[in-house]
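Student: Quick one: this structure, given as structure tokens, is what I'll be asking you about.
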Amino acid sequence: MNAFRTLIIAALGCAALPAFALSEGGQTQLHQLQTRWAEINYQLPEKQREEAFGKLVTQADAALAGEPKAPELLIWRGIILSTQAGAKGGLGALSLVKQAKSSLEQALAIDPQALAGSAYTSLGSLYYQVPGWPIGFGDDDEAEKLLKQALAINPDGIDPNYFYADYLQRKKRYTEARGALQKALAAKDRPGRELADKGRRAEAQALLQQVEGKLK
């Protein structure tokens, strides 16, 4: 169950700008969720993350109470729940992962294009990291399909390329993984997402070093 400790770390900072359908207040709340997520994930000591993510889920729920059909907020609720599951680890994380899956599926049903297809990225990441039946819903084939759908929408994005690369290296497809990581590292900066971009690039660079080692 150690795979939960690397779950979605998601997340997926995903897209930089919210869709215009989100109200001005909703956009502010979304940015607050994104910013706090990055602070927790990349700056907070590991032992403090689970509780901090739990508080951030409560904040996401409050935002959704005002705009329950906002796919951007549903996506970020899913991302936060996923990373909370990663911080928690073990079988106890499964309930959080299932909640994350439901939130991301709701977002996809409303607008698959929201946040540049970030729901596909996050959901695909869950599918390859969560154990399969009978413990969980993990499915590598479904994961690859979803990650490719994310890349079809956002081919140059840092997150879809990073998570596809992570999937590929787990499948020992190292040459493909290297190409995806190079694209992730070449991705443009996202306005307002500086901390998330810095953290994701560090993860991508570390993974690239591992992949290069496998290719030698």
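Ordered as shown in the structure tokens, chains take letters A, B, and onward, while each chain numbers its residues from 1 and ligands are numbered from 1 in the order shown.
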Using only C-alpha atoms, determine which residues lie at most 12 Å from segment 146-149 of chain A, disregarding the query and same-chain residues fewer than 3 positions distant; provide the list as a count of residues only.

Tutor: 39

Student: If we count only C-alpha atoms, what is near segment 44-60 of chain A at a cut-off of 8 Å, once residues fewer than 5 positions away on the same chain are taken out, given as an MDAnalysis selection string?

Tutor: chainID A and resid 33 36:37 39 73 76:77 80:81 83:85 87:88

Student: Could you dump the residues just selected with all heavy atoms as a compact mmCIF listing (two decimals), in the first residue's frame?

Tutor:
# COMPACT_ATOMS: atom_id res chain seq x y z
N LEU A 33 -7.36 27.48 -3.01
CA LEU A 33 -7.19 26.04 -2.87
C LEU A 33 -5.89 25.59 -3.54
O LEU A 33 -5.12 24.80 -2.98
CB LEU A 33 -8.37 25.30 -3.49
CG LEU A 33 -9.73 25.45 -2.81
CD1 LEU A 33 -10.82 24.80 -3.66
CD2 LEU A 33 -9.71 24.83 -1.41
N ARG A 36 -2.80 26.91 -1.47
CA ARG A 36 -2.61 26.20 -0.21
C ARG A 36 -2.19 24.76 -0.45
O ARG A 36 -1.37 24.21 0.30
CB ARG A 36 -3.90 26.26 0.62
CG ARG A 36 -3.79 25.59 1.99
CD ARG A 36 -2.66 26.17 2.81
NE ARG A 36 -2.54 25.51 4.11
CZ ARG A 36 -1.42 25.47 4.81
NH1 ARG A 36 -0.31 26.03 4.36
NH2 ARG A 36 -1.38 24.85 5.98
N TRP A 37 -2.75 24.13 -1.49
CA TRP A 37 -2.36 22.75 -1.81
C TRP A 37 -0.85 22.68 -2.07
O TRP A 37 -0.17 21.77 -1.57
CB TRP A 37 -3.11 22.27 -3.05
CG TRP A 37 -2.68 20.91 -3.49
CD1 TRP A 37 -3.16 19.71 -3.07
CD2 TRP A 37 -1.64 20.62 -4.43
NE1 TRP A 37 -2.48 18.69 -3.68
CE2 TRP A 37 -1.54 19.22 -4.52
CE3 TRP A 37 -0.79 21.40 -5.21
CZ2 TRP A 37 -0.63 18.58 -5.36
CZ3 TRP A 37 0.14 20.77 -6.04
CH2 TRP A 37 0.20 19.37 -6.11
N GLU A 39 1.47 24.73 -1.04
CA GLU A 39 2.20 24.99 0.20
C GLU A 39 2.28 23.72 1.05
O GLU A 39 3.34 23.38 1.59
CB GLU A 39 1.52 26.11 0.99
CG GLU A 39 1.63 27.48 0.34
CD GLU A 39 0.75 28.52 1.01
OE1 GLU A 39 -0.08 28.15 1.88
OE2 GLU A 39 0.88 29.70 0.66
N LEU A 73 -13.94 23.39 -9.23
CA LEU A 73 -13.91 23.12 -7.80
C LEU A 73 -14.02 21.63 -7.51
O LEU A 73 -13.38 21.11 -6.58
CB LEU A 73 -15.03 23.89 -7.09
CG LEU A 73 -14.92 25.42 -7.15
CD1 LEU A 73 -16.15 26.07 -6.53
CD2 LEU A 73 -13.65 25.90 -6.43
N TRP A 76 -10.59 20.14 -8.06
CA TRP A 76 -9.65 20.40 -6.98
C TRP A 76 -10.02 19.71 -5.69
O TRP A 76 -9.15 19.34 -4.90
CB TRP A 76 -9.41 21.90 -6.82
CG TRP A 76 -8.24 22.24 -7.67
CD1 TRP A 76 -8.25 22.58 -9.00
CD2 TRP A 76 -6.88 22.11 -7.31
NE1 TRP A 76 -6.97 22.69 -9.48
CE2 TRP A 76 -6.11 22.41 -8.46
CE3 TRP A 76 -6.23 21.78 -6.13
CZ2 TRP A 76 -4.72 22.38 -8.45
CZ3 TRP A 76 -4.84 21.75 -6.13
CH2 TRP A 76 -4.11 22.05 -7.28
N ARG A 77 -11.30 19.48 -5.48
CA ARG A 77 -11.69 18.64 -4.33
C ARG A 77 -11.10 17.25 -4.51
O ARG A 77 -10.57 16.65 -3.57
CB ARG A 77 -13.20 18.57 -4.21
CG ARG A 77 -13.68 17.72 -3.02
CD ARG A 77 -15.20 17.73 -2.91
NE ARG A 77 -15.64 16.99 -1.74
CZ ARG A 77 -15.90 15.68 -1.73
NH1 ARG A 77 -15.75 14.97 -2.85
NH2 ARG A 77 -16.31 15.08 -0.63
N ILE A 80 -7.26 17.29 -3.91
CA ILE A 80 -6.92 17.42 -2.49
C ILE A 80 -7.19 16.11 -1.75
O ILE A 80 -6.37 15.66 -0.95
CB ILE A 80 -7.70 18.59 -1.85
CG1 ILE A 80 -7.29 19.91 -2.51
CG2 ILE A 80 -7.43 18.65 -0.35
CD1 ILE A 80 -8.28 21.04 -2.27
N LEU A 81 -8.32 15.50 -2.03
CA LEU A 81 -8.63 14.20 -1.41
C LEU A 81 -7.58 13.15 -1.79
O LEU A 81 -7.18 12.33 -0.96
CB LEU A 81 -10.02 13.73 -1.83
CG LEU A 81 -11.20 14.39 -1.13
CD1 LEU A 81 -12.49 14.15 -1.92
CD2 LEU A 81 -11.34 13.85 0.29
N THR A 83 -4.39 13.62 -2.63
CA THR A 83 -3.12 13.85 -1.94
C THR A 83 -3.25 13.63 -0.44
O THR A 83 -2.29 13.22 0.21
CB THR A 83 -2.59 15.26 -2.24
OG1 THR A 83 -3.65 16.19 -2.27
CG2 THR A 83 -1.88 15.29 -3.58
N GLN A 84 -4.43 13.86 0.11
CA GLN A 84 -4.66 13.49 1.51
C GLN A 84 -4.53 11.98 1.67
O GLN A 84 -3.95 11.49 2.64
CB GLN A 84 -6.04 13.95 1.98
CG GLN A 84 -6.28 13.67 3.46
CD GLN A 84 -7.70 13.98 3.91
OE1 GLN A 84 -8.58 14.26 3.09
NE2 GLN A 84 -7.93 13.93 5.21
N ALA A 85 -5.06 11.23 0.71
CA ALA A 85 -4.93 9.77 0.75
C ALA A 85 -3.46 9.37 0.69
O ALA A 85 -3.02 8.45 1.40
CB ALA A 85 -5.70 9.15 -0.42
N ALA A 87 -0.95 11.08 1.75
CA ALA A 87 -0.33 11.40 3.04
C ALA A 87 -0.75 10.41 4.12
O ALA A 87 0.04 10.09 5.02
CB ALA A 87 -0.70 12.82 3.45
N LYS A 88 -1.96 9.93 4.04
CA LYS A 88 -2.48 9.00 5.04
C LYS A 88 -1.88 7.61 4.86
O LYS A 88 -1.41 6.98 5.81
CB LYS A 88 -4.01 8.92 4.94
CG LYS A 88 -4.67 8.06 6.01
CD LYS A 88 -6.18 8.08 5.85
CE LYS A 88 -6.88 7.26 6.93
NZ LYS A 88 -6.67 7.83 8.28

Student: For segment 169-171 of chain A, find every residue with an atom within 9 Å (counting only C-alpha atoms), except residues of its own chain fewer than 6 positions away, and show them as a list in words.

Tutor: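 Contacts, with the query itself left out: Ala177, Arg178, Leu207 and Val211 of chain A.
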
Student: List every residue of segment 123-203 of chain A that DSSP, applied to the backbone of this structure, places in helix (DSSP H, G or I), and write the result as number ranges by chain.

Tutor: A: 123-129, 140-153, 158-170, 174-185, 194-203
